[in-house]
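Participant: Starting off with a structure, shown below.
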Amino acid sequence: MKDILILAIESSCDETAASVVRNGREVLSNIISSQIMEHRKFGGVVPEVASRKHVENVSWVVDEALKEAGVKASDLDAVAVTYGPGLVGALLVGLQFAKGFAFSLGKPLIGVNHIEGHIAANYIEHKDLVPPFVSLVVSGGHTFIVHVKDYGDFEVLGETRDDAAGEAFDKVARALSLNYPGGPEIDRVAKLGNPDAIRFPKANFHENTLDFSFSGLKSAVLNYLNSAKQKGIEISVPDVAASFQKAVVSVLTENVIATIKDRKLDKIAIAGGVASNTSLRESLTQAAEKLGAKVLFPSTILCTDNAAMIASAAYFEHISGKESLMSLNAKPGLTL
Ligand code: KG4
Ligand code: ZN
């Protein structure tokens with residue numbers, strides 16, 4: 001069978017990325033221009049700054065992706081791009097570039113849902129992974145438990161009703177005066193702390209649901225910090241980080257385990273930036289092992305935003321005959 005080469009562009013948040021992937025699973029190049037240092041001084045992503053940086057970078061990032069892959073633009077089978085969810089200005093930069101590029105080459109355009117991209121990162125990392133499986137998508141903007149029934153066929157079983165898991169990590173890290181992005185910082189600092197030092201409320205509901213709520217937990221951490229300051233009690237940053245992380249990880253683990261039991265599935269693929277979290281990986285792996293289930297996760301570079309995962313998701317759309325119209329618009333609130 002002829003090889004399928006897809007170039008993908010990702011610009012939904014603060015990474016300008018381009019990648020060439022062969023047959024959906026083989027990464028030929030994966031170029032990521034991160035804006036983290038630009039946004040760090042503001043403690044979070046500034047949408048206007050993100051859009052400007054994407055404009056500056058998108059052209060050379062795409063150039064570099066083709067060069068590193070050793071692929072001529074004319075040899076591509078399609079041009080893929082994230083069209084949502086994300087920051088509208090940021091999405092539009094990648095989308096307009098991809099449309100222009102695809103049109104000038106006379107190649108099909110494939111718009112990709114960023115969340116589907118995160119799940120597809122697992123197809124790159126685990127060459128034998130095929131649906132069905134359960135995916136836990138945990139990123140800065142999303143928290144979903146998804147039954148992946150087939151490529152492109154998803155059933156959302158649980159989601160956050162307020163903050164995303166990564167957002168909670170970032171906000172708590174900020175309150176602890178840790179750097180942006182806060183997730184990796186909390187992960188690092190928590191290793192030095194006692195996860196049982198402070199009892200924070202669990203981030204779930206008492207109803208029969210797989211949904212999450214992280215804003216109450218975040219407020220509990222902020223209240224704890226304020227009251228400790230008022231009372232003159234010394235705050236142990238590692239203990240707060242470890243106790244907070246335990247509260248997040250335990251609810252994510254419980255709900256995913258409940259899902260695989262209910263759906264009788266034996267594979268869990270974690271995805272998104274928070275899938276890099278050491279404690280989450282350990283907790284899920286241990287809990288799943290008891291049920292004879294397997295936990296898969298992508299390497300760190302494929303967990304956080306990148307374009308290889310977008311190219312992989314686009315490949316499965318391409319082979320099923322789907323392509324987007326040139327009128328495709330950015331959808332900041334797109335969901336699964
Ligand atoms: O997937 P991603 O790069 O971007 C979005 O689509 O949102 O995820 C970024 C999120 C941030 O909130 C970051 O703090 C979090 O992933 N993150 C982590 C870790 N590494 C990144 N959270 C917890 N532990 C980590 N090791
Ligand atoms: Zn993402």
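Chain lettering (A, B, ...) mirrors the order of the structure tokens, residue numbering begins at 1 for each chain separately, and ligand numbering begins at 1 in order of display.
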Segment 89-103 of chain A: which residues within 10 Å, counting only C-alpha atoms, same-chain residues fewer than 5 positions away excluded, as a count of residues only?
Facilitator: 48
Participant: Compute the set of protein, DNA and RNA residues whose minimum atom distance to ligand 1 is at most 8 Å, using only C-alpha atoms and all ligand atoms, and state it as an NGL selection string.
Facilitator: :A and (12-13 or 86 or 114-115 or 118 or 138-142 or 165-170 or 180-188 or 271-278 or 300 or 303-306)
Participant: Dump C-alpha atoms for the selected residues as a CSV table (one decimal), in the first residue's frame?
Facilitator:
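File again_1.csv, as written:
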chain,number,residue,atom,x,y,z
A,12,SER,CA,-4.5,26.3,19.6
A,13,CYS,CA,-2.8,27.7,22.7
A,86,GLY,CA,-8.6,26.7,21.8
A,114,HIS,CA,-7.5,19.1,19.4
A,115,ILE,CA,-8.9,16.7,21.9
A,118,HIS,CA,-4.4,14.2,22.3
A,138,VAL,CA,-6.4,15.6,31.1
A,139,SER,CA,-5.0,18.9,29.8
A,140,GLY,CA,-4.9,22.6,30.7
A,141,GLY,CA,-8.4,23.1,29.1
A,142,HIS,CA,-10.1,19.7,29.3
A,165,ALA,CA,-7.4,19.2,35.8
A,166,GLY,CA,-4.4,21.1,34.4
A,167,GLU,CA,-6.0,24.4,35.1
A,168,ALA,CA,-6.4,23.4,38.8
A,169,PHE,CA,-2.7,22.4,38.8
A,170,ASP,CA,-1.8,25.8,37.3
A,180,TYR,CA,4.0,28.6,35.1
A,181,PRO,CA,3.0,26.0,33.9
A,182,GLY,CA,2.3,24.8,37.3
A,183,GLY,CA,1.6,21.1,36.6
A,184,PRO,CA,5.2,20.0,36.2
A,185,GLU,CA,6.3,22.1,39.2
A,186,ILE,CA,3.7,20.5,41.5
A,187,ASP,CA,4.7,17.1,40.2
A,188,ARG,CA,8.3,17.9,41.1
A,271,ALA,CA,-3.7,11.8,27.1
A,272,GLY,CA,-3.0,15.5,27.4
A,273,GLY,CA,-0.4,17.5,29.4
A,274,VAL,CA,-1.4,16.1,32.8
A,275,ALA,CA,-0.8,12.6,31.4
A,276,SER,CA,2.9,13.3,32.2
A,277,ASN,CA,2.1,13.5,35.9
A,278,THR,CA,4.2,10.8,37.7
A,300,THR,CA,6.1,13.6,27.6
A,303,CYS,CA,1.5,14.5,26.0
A,304,THR,CA,1.8,18.3,25.8
A,305,ASP,CA,0.6,20.2,22.7
A,306,ASN,CA,2.3,19.1,19.5
Participant: From a backbone DSSP assignment, name each residue in segment 44-224 of chain A labelled helix (DSSP H, G or I), as a PyMOL selection string.
Facilitator: chain A and resi 47-69+73-75+88-105+114-125+165-175+182-190+215-224
Participant: Skipping near chain neighbours, those fewer than 5 positions away, what residues fall within 12 Å of segment 222-232 of chain A using only C-alpha atoms, listed as a list in words?
Facilitator: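 My list of contacting residues is Ala168, Lys171, Val172, Ala173, Arg174, Ala175, Leu176, Ser177, Ile198, Arg199, Phe200, Pro201, Ser215, Gly216, Leu217, Val237, Asp239, Val240, Ala241, Ser243 and Phe244 of chain A.
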Participant: What would the file look like if the residues just selected were written as a PDB file, in the first residue's frame with N, CA and C atoms?
Facilitator:
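Listed below is the output, result.pdb:
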ATOM      1  N   ALA A 168      -6.473  23.424  37.322  1.00  0.00           N
ATOM      2  CA  ALA A 168      -6.394  23.366  38.786  1.00  0.00           C
ATOM      3  C   ALA A 168      -4.930  23.289  39.224  1.00  0.00           C
ATOM      4  N   LYS A 171      -3.457  26.794  38.757  1.00  0.00           N
ATOM      5  CA  LYS A 171      -3.929  27.804  39.713  1.00  0.00           C
ATOM      6  C   LYS A 171      -3.358  27.557  41.108  1.00  0.00           C
ATOM      7  N   VAL A 172      -3.310  26.303  41.512  1.00  0.00           N
ATOM      8  CA  VAL A 172      -2.754  25.987  42.838  1.00  0.00           C
ATOM      9  C   VAL A 172      -1.247  26.314  42.850  1.00  0.00           C
ATOM     10  N   ALA A 173      -0.570  25.993  41.748  1.00  0.00           N
ATOM     11  CA  ALA A 173       0.866  26.286  41.669  1.00  0.00           C
ATOM     12  C   ALA A 173       1.109  27.788  41.806  1.00  0.00           C
ATOM     13  N   ARG A 174       0.243  28.561  41.192  1.00  0.00           N
ATOM     14  CA  ARG A 174       0.384  30.015  41.252  1.00  0.00           C
ATOM     15  C   ARG A 174       0.236  30.501  42.695  1.00  0.00           C
ATOM     16  N   ALA A 175      -0.757  29.928  43.409  1.00  0.00           N
ATOM     17  CA  ALA A 175      -0.977  30.307  44.807  1.00  0.00           C
ATOM     18  C   ALA A 175       0.225  29.908  45.670  1.00  0.00           C
ATOM     19  N   LEU A 176       0.963  28.897  45.214  1.00  0.00           N
ATOM     20  CA  LEU A 176       2.151  28.457  45.969  1.00  0.00           C
ATOM     21  C   LEU A 176       3.420  29.148  45.467  1.00  0.00           C
ATOM     22  N   SER A 177       3.229  30.159  44.600  1.00  0.00           N
ATOM     23  CA  SER A 177       4.343  30.919  44.004  1.00  0.00           C
ATOM     24  C   SER A 177       5.297  30.041  43.204  1.00  0.00           C
ATOM     25  N   ILE A 198      -2.369  17.022  54.570  1.00  0.00           N
ATOM     26  CA  ILE A 198      -3.578  17.854  54.634  1.00  0.00           C
ATOM     27  C   ILE A 198      -4.706  17.106  53.928  1.00  0.00           C
ATOM     28  N   ARG A 199      -5.876  17.108  54.557  1.00  0.00           N
ATOM     29  CA  ARG A 199      -6.990  16.389  53.938  1.00  0.00           C
ATOM     30  C   ARG A 199      -7.839  17.373  53.127  1.00  0.00           C
ATOM     31  N   PHE A 200      -7.625  17.420  51.824  1.00  0.00           N
ATOM     32  CA  PHE A 200      -8.437  18.288  50.962  1.00  0.00           C
ATOM     33  C   PHE A 200      -9.653  17.502  50.468  1.00  0.00           C
ATOM     34  N   PRO A 201     -10.767  18.202  50.163  1.00  0.00           N
ATOM     35  CA  PRO A 201     -11.951  17.467  49.708  1.00  0.00           C
ATOM     36  C   PRO A 201     -11.698  16.797  48.359  1.00  0.00           C
ATOM     37  N   SER A 215     -13.003  22.966  41.007  1.00  0.00           N
ATOM     38  CA  SER A 215     -12.889  24.328  41.537  1.00  0.00           C
ATOM     39  C   SER A 215     -13.038  24.351  43.059  1.00  0.00           C
ATOM     40  N   GLY A 216     -13.843  23.422  43.624  1.00  0.00           N
ATOM     41  CA  GLY A 216     -13.987  23.350  45.085  1.00  0.00           C
ATOM     42  C   GLY A 216     -12.674  22.964  45.737  1.00  0.00           C
ATOM     43  N   LEU A 217     -11.987  22.037  45.116  1.00  0.00           N
ATOM     44  CA  LEU A 217     -10.684  21.605  45.633  1.00  0.00           C
ATOM     45  C   LEU A 217      -9.689  22.765  45.596  1.00  0.00           C
ATOM     46  N   VAL A 237       5.217  23.943  51.330  1.00  0.00           N
ATOM     47  CA  VAL A 237       4.805  23.877  49.916  1.00  0.00           C
ATOM     48  C   VAL A 237       4.778  22.422  49.418  1.00  0.00           C
ATOM     49  N   ASP A 239       4.182  19.693  51.094  1.00  0.00           N
ATOM     50  CA  ASP A 239       3.021  18.985  51.673  1.00  0.00           C
ATOM     51  C   ASP A 239       1.715  19.431  51.010  1.00  0.00           C
ATOM     52  N   VAL A 240       1.562  20.737  50.773  1.00  0.00           N
ATOM     53  CA  VAL A 240       0.335  21.229  50.117  1.00  0.00           C
ATOM     54  C   VAL A 240       0.261  20.652  48.701  1.00  0.00           C
ATOM     55  N   ALA A 241       1.401  20.704  47.974  1.00  0.00           N
ATOM     56  CA  ALA A 241       1.425  20.193  46.591  1.00  0.00           C
ATOM     57  C   ALA A 241       1.081  18.705  46.564  1.00  0.00           C
ATOM     58  N   SER A 243      -0.541  16.888  48.838  1.00  0.00           N
ATOM     59  CA  SER A 243      -1.911  16.599  49.296  1.00  0.00           C
ATOM     60  C   SER A 243      -2.930  16.987  48.224  1.00  0.00           C
ATOM     61  N   PHE A 244      -2.678  18.129  47.563  1.00  0.00           N
ATOM     62  CA  PHE A 244      -3.555  18.555  46.468  1.00  0.00           C
ATOM     63  C   PHE A 244      -3.497  17.525  45.327  1.00  0.00           C
TER      64      PHE A 244
END
Participant: Contacts of segment 21-23 of chain A at 6 Å or less, counting only C-alpha atoms, minus same-chain residues fewer than 4 places along, as a list in words?
Facilitator: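 My reading of the contact set: Ile4, Leu5, Ile6, Val27 and Leu28 of chain A.
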Participant: I'd like the interatomic distance between atom CA of Ile145 of chain A and atom CA of Phe212 of chain A, to a tenth of an Å.
Facilitator: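 Computing the Euclidean distance for atom CA of Ile145 of chain A and atom CA of Phe212 of chain A yields 9.8 Å.
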Participant: Identify which of the residues A:Ser29, A:Ser312, A:Thr209, A:Gln245 lies closest to Val112 of chain A, counting only C-alpha atoms when measuring atom-to-atom distances.
Facilitator: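 Among the listed residues, the smallest separation from Val112 of chain A belongs to A:Ser312.
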